[in-house]
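See below for upload.cif, which holds mmCIF, C-alpha atoms.
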```
data_data
#
loop_
_atom_site.label_atom_id
_atom_site.label_comp_id
_atom_site.auth_asym_id
_atom_site.auth_seq_id
_atom_site.Cartn_x
_atom_site.Cartn_y
_atom_site.Cartn_z
CA MET A 1 0.00 0.00 0.00
CA ASN A 2 1.18 3.48 -0.86
CA GLN A 3 0.47 6.36 1.50
CA ILE A 4 0.51 9.87 0.08
CA GLN A 5 -0.18 12.52 2.70
CA ARG A 6 -3.80 11.77 3.70
CA THR A 7 -4.53 9.10 1.10
CA TRP A 8 -4.11 5.33 1.24
CA VAL A 9 -3.73 3.66 -2.16
CA PHE A 10 -4.61 -0.01 -1.77
CA ASP A 11 -2.24 -2.17 -3.82
CA ASN A 12 -4.29 -5.32 -3.23
CA GLN A 13 -7.62 -3.61 -4.00
CA PRO A 14 -10.01 -5.30 -1.55
CA VAL A 15 -13.27 -6.47 -3.10
CA ILE A 16 -16.80 -5.49 -2.12
CA THR A 17 -18.18 -8.98 -2.60
CA SER A 18 -21.73 -8.09 -1.53
CA SER A 19 -23.78 -5.23 -0.15
CA ALA A 20 -27.27 -4.63 1.17
CA ALA A 21 -29.60 -1.75 1.98
CA VAL A 22 -32.58 -1.72 4.33
CA GLY A 23 -35.07 1.16 4.61
CA GLY A 24 -38.28 2.35 6.20
CA PRO A 25 -41.70 3.45 4.90
CA PHE A 26 -40.57 6.90 3.77
CA GLU A 27 -37.67 5.39 1.80
CA ALA A 28 -40.13 2.95 0.22
CA LYS A 29 -41.82 5.97 -1.37
CA GLY A 30 -38.51 7.45 -2.48
CA ASN A 31 -36.57 7.67 -5.70
CA LEU A 32 -34.37 4.60 -5.05
CA ALA A 33 -36.89 2.16 -3.57
CA GLU A 34 -36.00 -0.55 -6.11
CA ASP A 35 -32.39 -0.57 -4.89
CA PHE A 36 -33.28 -1.57 -1.31
CA ASP A 37 -33.13 -5.22 -0.33
CA ILE A 38 -35.66 -4.82 2.48
CA LEU A 39 -38.24 -2.07 3.00
CA HIS A 40 -40.43 -1.81 6.10
CA ASP A 41 -43.92 -0.34 6.21
CA ASP A 42 -43.69 0.58 9.91
CA LEU A 43 -41.12 2.76 11.69
CA TRP A 44 -41.39 0.57 14.80
CA LEU A 45 -40.31 -2.67 13.03
CA GLY A 46 -42.33 -4.56 15.61
CA GLU A 47 -40.30 -3.16 18.51
CA ASP A 48 -41.42 -0.98 21.43
CA SER A 49 -38.93 1.85 20.83
CA TYR A 50 -37.40 3.56 17.83
CA GLU A 51 -33.93 2.81 19.15
CA LYS A 52 -34.64 -0.92 19.17
CA ALA A 53 -36.03 -0.61 15.66
CA HIS A 54 -32.81 1.13 14.68
CA LYS A 55 -30.83 -1.88 15.89
CA ILE A 56 -32.99 -4.19 13.77
CA LEU A 57 -32.27 -2.14 10.63
CA LEU A 58 -28.55 -2.62 11.17
CA GLU A 59 -28.81 -6.33 11.90
CA GLU A 60 -30.93 -6.93 8.81
CA SER A 61 -28.54 -5.14 6.48
CA ILE A 62 -25.59 -7.14 7.84
CA TYR A 63 -27.39 -10.47 7.65
CA LYS A 64 -28.57 -9.72 4.10
CA SER A 65 -25.05 -8.77 2.97
CA LEU A 66 -23.73 -12.04 4.43
CA GLU A 67 -26.46 -14.02 2.72
CA LYS A 68 -25.68 -12.43 -0.64
CA ALA A 69 -21.98 -13.28 -0.20
CA SER A 70 -22.81 -16.88 0.79
CA LEU A 71 -21.03 -16.32 4.09
CA THR A 72 -22.00 -16.70 7.73
CA LYS A 73 -21.08 -14.44 10.62
CA ASP A 74 -18.43 -17.01 11.60
CA ASP A 75 -16.60 -16.25 8.34
CA ILE A 76 -16.23 -12.56 9.28
CA GLN A 77 -13.19 -11.48 11.28
CA PHE A 78 -14.34 -7.94 12.13
CA LEU A 79 -17.46 -5.77 12.14
CA LEU A 80 -17.05 -2.00 11.79
CA ALA A 81 -20.26 -0.06 12.40
CA GLY A 82 -21.68 3.16 13.77
CA ASP A 83 -24.72 5.41 14.08
CA LEU A 84 -25.85 8.68 15.72
CA ILE A 85 -27.57 7.55 18.92
CA ASN A 86 -25.94 8.01 22.36
CA GLN A 87 -22.70 6.03 22.54
CA ILE A 88 -23.67 4.29 19.25
CA THR A 89 -25.84 1.89 21.24
CA PRO A 90 -27.80 0.49 18.25
CA SER A 91 -24.52 -0.59 16.64
CA SER A 92 -23.09 -2.00 19.86
CA PHE A 93 -26.29 -3.89 20.66
CA ALA A 94 -26.38 -5.27 17.11
CA ALA A 95 -22.76 -6.39 17.61
CA ARG A 96 -23.92 -8.14 20.76
CA THR A 97 -26.48 -10.05 18.69
CA LEU A 98 -24.02 -10.90 15.92
CA GLY A 99 -21.07 -11.90 18.09
CA ILE A 100 -18.52 -10.68 15.52
CA PRO A 101 -15.36 -8.94 16.86
CA TYR A 102 -16.37 -5.30 16.71
CA PHE A 103 -15.01 -1.83 16.08
CA GLY A 104 -17.58 0.79 17.07
CA LEU A 105 -17.21 3.93 14.96
CA PHE A 106 -18.54 7.45 15.29
CA GLY A 107 -18.09 9.83 12.39
CA ALA A 108 -21.68 11.09 12.38
CA CYS A 109 -22.91 10.95 8.77
CA SER A 110 -19.36 10.22 7.53
CA THR A 111 -19.37 6.86 9.32
CA SER A 112 -20.14 4.85 6.18
CA MET A 113 -16.89 5.82 4.44
CA GLU A 114 -14.90 5.81 7.68
CA GLY A 115 -15.90 2.17 8.05
CA LEU A 116 -15.21 1.27 4.42
CA ALA A 117 -11.80 2.99 4.49
CA LEU A 118 -10.74 1.19 7.67
CA GLY A 119 -12.21 -2.12 6.58
CA ALA A 120 -10.34 -1.95 3.26
CA PHE A 121 -7.15 -1.00 5.12
CA ILE A 122 -7.42 -4.06 7.36
CA VAL A 123 -8.06 -6.42 4.45
CA ASN A 124 -5.42 -4.82 2.23
CA HIS A 125 -2.75 -5.48 4.89
CA GLY A 126 -3.79 -9.08 5.48
CA GLY A 127 -5.49 -8.40 8.79
CA ALA A 128 -8.62 -10.25 7.70
CA GLU A 129 -10.07 -12.34 4.90
CA HIS A 130 -13.51 -10.79 5.29
CA VAL A 131 -14.88 -7.79 7.20
CA VAL A 132 -18.32 -6.26 7.33
CA THR A 133 -18.84 -2.53 7.58
CA ALA A 134 -22.18 -0.81 8.11
CA ALA A 135 -23.79 2.50 9.04
CA SER A 136 -27.37 3.28 10.01
CA SER A 137 -29.83 5.89 11.19
CA HIS A 138 -33.51 6.07 12.18
CA ASN A 139 -35.46 9.27 11.60
CA SER A 140 -37.57 9.19 14.74
CA ALA A 141 -34.75 8.08 17.05
CA VAL A 142 -32.37 10.76 15.74
CA GLU A 143 -35.00 13.51 15.80
CA LYS A 144 -35.80 12.67 19.42
CA GLN A 145 -32.16 12.96 20.41
CA PHE A 146 -30.94 15.92 18.40
CA ARG A 147 -34.08 18.02 17.94
CA TYR A 148 -37.62 17.28 19.14
CA PRO A 149 -39.72 14.10 19.18
CA THR A 150 -41.62 13.87 15.90
CA GLU A 151 -44.89 13.80 17.86
CA TYR A 152 -44.34 17.47 18.73
CA GLY A 153 -44.86 18.41 15.09
CA GLY A 154 -42.22 21.16 15.36
CA GLN A 155 -41.66 23.23 12.25
CA LYS A 156 -38.27 23.28 10.56
CA PRO A 157 -36.59 25.85 8.34
CA PRO A 158 -35.97 25.10 4.65
CA THR A 159 -32.25 24.58 5.41
CA ALA A 160 -33.03 21.50 7.55
CA GLN A 161 -32.58 17.95 6.27
CA TRP A 162 -34.52 14.70 6.72
CA THR A 163 -32.77 11.86 8.54
CA VAL A 164 -32.90 8.62 6.58
CA THR A 165 -34.40 5.56 8.23
CA GLY A 166 -32.09 2.93 6.86
CA SER A 167 -28.95 0.88 7.10
CA GLY A 168 -26.37 -0.08 4.51
CA ALA A 169 -23.75 -2.82 4.88
CA CYS A 170 -21.15 -4.52 2.75
CA VAL A 171 -18.70 -7.40 2.91
CA VAL A 172 -15.11 -6.46 2.06
CA SER A 173 -12.96 -9.44 1.11
CA LYS A 174 -9.38 -10.21 0.16
CA THR A 175 -10.46 -12.00 -3.01
CA GLY A 176 -13.61 -12.42 -5.07
CA LYS A 177 -15.66 -10.72 -7.75
CA GLY A 178 -17.11 -7.25 -7.46
CA PRO A 179 -16.24 -3.58 -7.23
CA ARG A 180 -12.80 -2.94 -5.75
CA VAL A 181 -11.79 -0.38 -3.14
CA THR A 182 -8.76 1.35 -4.67
CA SER A 183 -8.00 4.23 -2.27
CA ALA A 184 -9.23 6.25 0.70
CA THR A 185 -8.58 9.84 1.69
CA ILE A 186 -9.00 10.54 5.39
CA GLY A 187 -10.66 13.80 6.36
CA ARG A 188 -9.57 16.37 8.89
CA VAL A 189 -11.90 18.31 11.16
CA MET A 190 -13.01 21.63 9.68
CA ASP A 191 -14.95 24.30 11.56
CA LEU A 192 -15.81 27.62 9.95
CA GLY A 193 -17.85 28.83 12.90
CA LEU A 194 -21.39 27.81 11.95
CA LYS A 195 -23.69 27.05 14.90
CA ASP A 196 -27.06 26.34 13.27
CA PRO A 197 -27.96 22.63 13.69
CA PHE A 198 -30.62 23.11 11.03
CA ASN A 199 -28.03 23.90 8.36
CA MET A 200 -25.86 20.79 8.31
CA GLY A 201 -25.18 21.03 4.60
CA GLY A 202 -23.69 24.50 4.84
CA ALA A 203 -21.55 23.46 7.80
CA MET A 204 -20.21 20.29 6.16
CA ALA A 205 -19.47 21.63 2.67
CA PRO A 206 -15.96 22.99 3.49
CA ALA A 207 -14.92 19.61 4.91
CA ALA A 208 -16.12 17.84 1.76
CA VAL A 209 -14.20 20.27 -0.45
CA ASP A 210 -11.04 19.94 1.66
CA THR A 211 -11.07 16.15 1.34
CA ILE A 212 -11.91 16.17 -2.38
CA GLU A 213 -9.08 18.61 -3.09
CA ALA A 214 -6.65 16.51 -1.01
CA HIS A 215 -7.69 13.33 -2.81
CA PHE A 216 -6.92 14.66 -6.28
CA LYS A 217 -3.69 16.28 -5.11
CA ASP A 218 -2.48 13.15 -3.30
CA ARG A 219 -3.27 10.82 -6.16
CA GLY A 220 -2.15 13.19 -8.90
CA ILE A 221 -5.27 12.59 -10.96
CA ASP A 222 -7.76 14.86 -12.67
CA PRO A 223 -11.40 15.01 -11.54
CA SER A 224 -12.36 13.63 -14.95
CA TYR A 225 -10.87 10.29 -13.81
CA TYR A 226 -14.18 9.51 -12.07
CA ASP A 227 -17.55 8.92 -13.66
CA LEU A 228 -19.13 10.25 -10.49
CA VAL A 229 -18.07 12.12 -7.37
CA VAL A 230 -20.86 11.82 -4.81
CA THR A 231 -21.07 13.44 -1.38
CA GLY A 232 -22.92 11.95 1.54
CA ASP A 233 -25.57 14.40 2.58
CA LEU A 234 -24.79 18.02 1.76
CA GLY A 235 -28.30 18.56 0.44
CA LYS A 236 -29.30 21.42 -1.83
CA ILE A 237 -27.54 24.15 0.13
CA GLY A 238 -24.34 22.30 0.94
CA ARG A 239 -23.95 20.99 -2.60
CA LYS A 240 -24.19 24.49 -4.03
CA VAL A 241 -21.67 25.80 -1.51
CA ALA A 242 -19.33 22.91 -2.29
CA LEU A 243 -19.51 23.51 -6.04
CA ASP A 244 -18.67 27.19 -5.50
CA LEU A 245 -15.74 26.34 -3.21
CA LEU A 246 -14.41 23.71 -5.62
CA THR A 247 -14.49 26.27 -8.44
CA GLU A 248 -12.48 28.68 -6.29
CA LYS A 249 -9.89 25.94 -5.80
CA ASP A 250 -9.75 25.16 -9.54
CA VAL A 251 -11.26 21.71 -9.06
CA THR A 252 -13.62 21.31 -12.00
CA LEU A 253 -16.61 19.04 -11.47
CA SER A 254 -19.71 19.46 -13.61
CA PRO A 255 -23.12 19.41 -11.90
CA GLU A 256 -23.81 16.14 -13.74
CA GLN A 257 -20.61 14.56 -12.38
CA PHE A 258 -21.00 15.92 -8.83
CA LYS A 259 -24.01 14.40 -7.06
CA ASP A 260 -25.22 14.10 -3.48
CA CYS A 261 -26.77 11.05 -1.82
CA GLY A 262 -29.08 13.34 0.13
CA LEU A 263 -30.58 14.56 -3.13
CA LEU A 264 -30.75 11.17 -4.84
CA ILE A 265 -32.65 9.09 -2.31
CA TYR A 266 -36.01 10.90 -2.18
CA LYS A 267 -38.44 12.21 -4.80
CA ASP A 268 -38.89 15.91 -5.44
CA ASP A 269 -42.38 15.92 -3.95
CA GLN A 270 -41.33 14.39 -0.63
CA PRO A 271 -41.18 17.02 2.17
CA VAL A 272 -37.47 16.69 3.03
CA MET A 273 -36.60 20.41 3.04
CA ALA A 274 -32.98 20.68 1.79
CA GLY A 275 -32.50 16.93 1.32
CA ALA A 276 -31.63 13.79 3.27
CA SER A 277 -29.02 13.17 5.98
CA GLY A 278 -27.95 10.60 8.56
CA PRO A 279 -25.33 7.82 8.48
CA GLY A 280 -27.91 5.68 6.71
CA CYS A 281 -28.08 8.16 3.83
CA SER A 282 -24.75 7.54 2.09
CA ALA A 283 -24.71 3.93 3.34
CA THR A 284 -28.00 2.96 1.69
CA VAL A 285 -27.38 4.94 -1.50
CA LEU A 286 -23.90 3.46 -1.98
CA TYR A 287 -24.56 -0.11 -0.84
CA GLY A 288 -27.81 -0.20 -2.79
CA HIS A 289 -28.17 2.16 -5.73
CA LEU A 290 -24.60 3.07 -6.69
CA LEU A 291 -23.07 -0.38 -6.40
CA ASN A 292 -26.00 -1.79 -8.38
CA LYS A 293 -25.19 0.69 -11.14
CA MET A 294 -21.54 -0.39 -11.03
CA ARG A 295 -22.47 -4.05 -11.28
CA LYS A 296 -24.63 -3.24 -14.33
CA GLY A 297 -21.69 -1.48 -15.98
CA GLU A 298 -23.32 1.96 -15.81
CA LEU A 299 -20.53 3.31 -13.60
CA LYS A 300 -16.89 2.20 -13.56
CA LYS A 301 -15.10 4.64 -11.25
CA ILE A 302 -16.69 6.56 -8.39
CA LEU A 303 -15.47 8.62 -5.46
CA VAL A 304 -17.77 8.59 -2.44
CA VAL A 305 -17.23 11.46 0.01
CA ALA A 306 -19.29 10.96 3.17
CA THR A 307 -19.66 14.07 5.31
CA GLY A 308 -20.29 14.30 9.04
CA ALA A 309 -21.24 17.05 11.48
CA LEU A 310 -19.54 16.19 14.77
CA LEU A 311 -21.89 18.03 17.10
CA SER A 312 -23.93 16.65 19.98
CA PRO A 313 -26.88 17.89 22.03
CA LEU A 314 -24.35 18.83 24.73
CA SER A 315 -22.11 20.84 22.41
CA PHE A 316 -25.16 22.69 21.03
CA GLN A 317 -26.43 23.49 24.52
CA GLN A 318 -22.98 24.90 25.35
CA LYS A 319 -23.25 27.11 22.23
CA GLU A 320 -20.29 25.48 20.50
CA THR A 321 -19.73 25.76 16.77
CA ILE A 322 -20.06 22.66 14.57
CA PRO A 323 -16.86 20.75 13.68
CA CYS A 324 -17.23 18.71 10.50
CA ILE A 325 -15.34 15.99 8.66
CA ALA A 326 -15.43 14.10 5.35
CA HIS A 327 -13.86 10.79 4.33
CA ALA A 328 -13.50 9.77 0.68
CA VAL A 329 -13.26 6.26 -0.77
CA SER A 330 -12.67 5.42 -4.43
CA ILE A 331 -14.34 2.34 -5.88
CA GLU A 332 -13.66 0.90 -9.33
CA TYR A 333 -15.22 -1.93 -11.29
CA GLY A 334 -14.43 -3.10 -14.78
CA GLY A 335 -17.05 -5.83 -14.73
CA ASP A 336 -14.53 -8.65 -15.09
CA ALA A 337 -12.74 -8.46 -11.74
#
```

Show me the file's structure as structure tokens.
Amino acid sequence: MNQIQRTWVFDNQPVITSSAAVGGPFEAKGNLAEDFDILHDDLWLGEDSYEKAHKILLEESIYKSLEKASLTKDDIQFLLAGDLINQITPSSFAARTLGIPYFGLFGACSTSMEGLALGAFIVNHGGAEHVVTAASSHNSAVEKQFRYPTEYGGQKPPTAQWTVTGSGACVVSKTGKGPRVTSATIGRVMDLGLKDPFNMGGAMAPAAVDTIEAHFKDRGIDPSYYDLVVTGDLGKIGRKVALDLLTEKDVTLSPEQFKDCGLLIYKDDQPVMAGASGPGCSATVLYGHLLNKMRKGELKKILVVATGALLSPLSFQQKETIPCIAHAVSIEYGGDA
């Protein structure tokens, strides 16, 4: 493996041998419903709390990814997973169910690519034959923790974003057929002084741009190398800010080449304000929709840049600004790997 500043280039190119996406009732009405493996018609998932339902989403995505890879949990050396709830309890409780050696991760909405980057690193260096990485969120559980319970019916400004109810997981293996993880650029914490928890996209955009710029500089490649550069959940506002900042830095990405998972997952007539968010946003879009397009030959090279706002209810109450981060992972598939 070559390391260039902030970027790992994986010489052995670990393989994403399978992936799975699980969603809720709102996602079932969305733009990418056909790319989900499991869709639920009830936010409770038969449980007596949203947090327990959140755990089920994660477990289902992991079990489905194992099933699609013809593996069992005993074949997996490590599980890397995270979410937004206090002390990532849904992920830790799912790990209790699964019994797989576990790395609990918190990168807020960047967790999906944090997990994929670390999982690929472990496999690339011979630390495992197979790992599973996953990220999840649940709209009602997250709203209850970070804002207000949905039962309150509180109004939100147009800059706010809708937390995805969903989980995405994948199996990363040393050998096999499928899209290959070729590199990962690790983000650094950026904070430009924004305090508004209802404008996550605007807060995260500088971190996304910083990581994208570092990726192209480290690898010495032109943005045209990729068919698609997709951010995690900048939404309408953050995506526009990011495009402006990239132009200032002479990084040329056309609007058609530069997409956002938070703008792909739902339909235009769904009331999601500025777009979608949550760790489950980039996880479900990548491990469902985007990898399906790669397997069909519609995309060959993509760069996924998951963004995360590293605030908490405590930091907001103490009137802190919002530190943000973005991790980027490049995935390539020629169809004959």

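Using all atoms listed in the file, the shortest contact distance between Ser61 (chain A) and any of A:Ile38, A:Val285, A:Val305, A:Leu263 is found at A:Ile38.
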
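Minimum atom-to-atom distance to Leu43 (chain A), evaluated using only C-alpha atoms, belongs to A:His138 out of A:Lys319, A:His327, A:Arg295, A:His138.
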
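If you measure from each of A:Tyr333, A:Phe121, A:Phe258, A:Phe216 to Asn12 (chain A) using all atoms listed in the file, the closest one turns out to be A:Phe121.
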
(request) Fewer than 4 positions away in the same chain doesn't count, so skip those; otherwise give me all residues within 9 Å of Lys249 (chain A), counting all atoms listed in the file, as a list in words. (result) Val209, Glu213, Asp244 and Leu245 of chain A

With C-alpha atoms retained, could you export that selection as a JSON list (two decimals), in the coordinates of the input?
```json
[["chain", "number", "residue", "atom", "x", "y", "z"],
["A", 209, "VAL", "CA", -14.20, 20.27, -0.45],
["A", 213, "GLU", "CA", -9.08, 18.61, -3.09],
["A", 244, "ASP", "CA", -18.67, 27.19, -5.50],
["A", 245, "LEU", "CA", -15.74, 26.34, -3.21]]
```

Exercise for review: Give me the residues within 10 Å of Leu116 (chain A) as JSON, numbers by chain, counting all atoms listed in the file and dropping any in the same chain fewer than 2 places off.
Suggested key: {"A": [16, 80, 81, 111, 112, 113, 114, 118, 119, 120, 121, 122, 131, 132, 133, 134, 135, 169, 170, 171, 172, 181, 184, 283, 327, 328, 329]}

Keeping C-alpha atoms for every residue in the selection just given, could you write it to a file as a compact mmCIF listing (two decimals), in the coordinates of the input?
```txt
# COMPACT_ATOMS: atom_id res chain seq x y z
CA ILE A 16 -16.80 -5.49 -2.12
CA LEU A 80 -17.05 -2.00 11.79
CA ALA A 81 -20.26 -0.06 12.40
CA THR A 111 -19.37 6.86 9.32
CA SER A 112 -20.14 4.85 6.18
CA MET A 113 -16.89 5.82 4.44
CA GLU A 114 -14.90 5.81 7.68
CA LEU A 118 -10.74 1.19 7.67
CA GLY A 119 -12.21 -2.12 6.58
CA ALA A 120 -10.34 -1.95 3.26
CA PHE A 121 -7.15 -1.00 5.12
CA ILE A 122 -7.42 -4.06 7.36
CA VAL A 131 -14.88 -7.79 7.20
CA VAL A 132 -18.32 -6.26 7.33
CA THR A 133 -18.84 -2.53 7.58
CA ALA A 134 -22.18 -0.81 8.11
CA ALA A 135 -23.79 2.50 9.04
CA ALA A 169 -23.75 -2.82 4.88
CA CYS A 170 -21.15 -4.52 2.75
CA VAL A 171 -18.70 -7.40 2.91
CA VAL A 172 -15.11 -6.46 2.06
CA VAL A 181 -11.79 -0.38 -3.14
CA ALA A 184 -9.23 6.25 0.70
CA ALA A 283 -24.71 3.93 3.34
CA HIS A 327 -13.86 10.79 4.33
CA ALA A 328 -13.50 9.77 0.68
CA VAL A 329 -13.26 6.26 -0.77
```

- Message: So that I can see what lies close to Glu34 (chain A), please list as a PyMOL selection string the residues with an atom at most 9 Å from it, counting all atoms listed in the file and leaving out residues fewer than 3 positions away in the same chain.
- Response: chain A and resi 28+31+37+288-289

Store the residues picked out above, limited to C-alpha atoms, as a short mmCIF file (atom, residue, chain, number, x, y, z; two decimals), in the coordinates of the input.
```
data_model
loop_
_atom_site.label_atom_id
_atom_site.label_comp_id
_atom_site.auth_asym_id
_atom_site.auth_seq_id
_atom_site.Cartn_x
_atom_site.Cartn_y
_atom_site.Cartn_z
CA ALA A 28 -40.13 2.95 0.22
CA ASN A 31 -36.57 7.67 -5.70
CA ASP A 37 -33.13 -5.22 -0.33
CA GLY A 288 -27.81 -0.20 -2.79
CA HIS A 289 -28.17 2.16 -5.73
#
```

Checklist line | Expected residue set, 9 Å radius at (-19.1, 19.9, 12.2), all atoms listed in the file, as a PyMOL selection string | finding: chain A and resi 189-192+194-195+200+203-204+207+308-311+321-325

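Of the listed residues A:Ser18, A:Asn139, A:Gln270, A:Thr231, the one whose atoms come nearest to Thr307 (chain A) is A:Thr231, with distances taken using all atoms listed in the file.
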
Within 8 Å of (-9.9, -8.9, -5.4) (file coordinates; only C-alpha atoms), which protein or nucleic acid residues are there? I'd like them as a compact mmCIF listing (two decimals) with C-alpha atoms, keeping the file's coordinate frame.
```
# COMPACT_ATOMS: atom_id res chain seq x y z
CA ASN A 12 -4.29 -5.32 -3.23
CA GLN A 13 -7.62 -3.61 -4.00
CA PRO A 14 -10.01 -5.30 -1.55
CA VAL A 15 -13.27 -6.47 -3.10
CA SER A 173 -12.96 -9.44 1.11
CA LYS A 174 -9.38 -10.21 0.16
CA THR A 175 -10.46 -12.00 -3.01
CA GLY A 176 -13.61 -12.42 -5.07
CA LYS A 177 -15.66 -10.72 -7.75
CA GLY A 178 -17.11 -7.25 -7.46
CA ARG A 180 -12.80 -2.94 -5.75
CA ALA A 337 -12.74 -8.46 -11.74
```

Please identify every residue of region 94-213 of chain A that has at least one atom no farther than 9 Å from an atom of region 271-276 of chain A, counting only C-alpha atoms, and for each give the shortest atom pair and the distance in Å to one decimal, arranged by chain then increasing number, as a tab-separated table.
```
residue	atom	partner	partner_atom	distance
A:Lys156	CA	A:Met273	CA	8.2
A:Pro157	CA	A:Met273	CA	7.6
A:Pro158	CA	A:Met273	CA	5.0
A:Thr159	CA	A:Ala274	CA	5.4
A:Ala160	CA	A:Ala274	CA	5.8
A:Gln161	CA	A:Gly275	CA	5.1
A:Trp162	CA	A:Ala276	CA	4.6
A:Thr163	CA	A:Ala276	CA	5.7
A:Val164	CA	A:Ala276	CA	6.3
A:Asn199	CA	A:Ala274	CA	8.8
A:Gly201	CA	A:Ala274	CA	8.3
```

Test item: residues at most 8 Å from Glu332 (chain A), all atoms listed in the file, excluding those fewer than 6 positions along its chain, as an mmCIF file with C-alpha atoms, in the frame of the given file:
```cif
data_model
loop_
_atom_site.group_PDB
_atom_site.id
_atom_site.type_symbol
_atom_site.label_atom_id
_atom_site.label_comp_id
_atom_site.auth_asym_id
_atom_site.auth_seq_id
_atom_site.Cartn_x
_atom_site.Cartn_y
_atom_site.Cartn_z
ATOM 1 C CA PRO A 179 -16.240 -3.580 -7.230
ATOM 2 C CA ARG A 180 -12.800 -2.940 -5.750
ATOM 3 C CA VAL A 181 -11.790 -0.380 -3.140
ATOM 4 C CA THR A 182 -8.760 1.350 -4.670
ATOM 5 C CA LYS A 300 -16.890 2.200 -13.560
ATOM 6 C CA LYS A 301 -15.100 4.640 -11.250
ATOM 7 C CA ILE A 302 -16.690 6.560 -8.390
#
```

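Candidate residues A:Ile62, A:Ala108, A:Val123, A:Leu314 were compared for distance to Gly82 (chain A), and the nearest is A:Ala108, using all atoms listed in the file.
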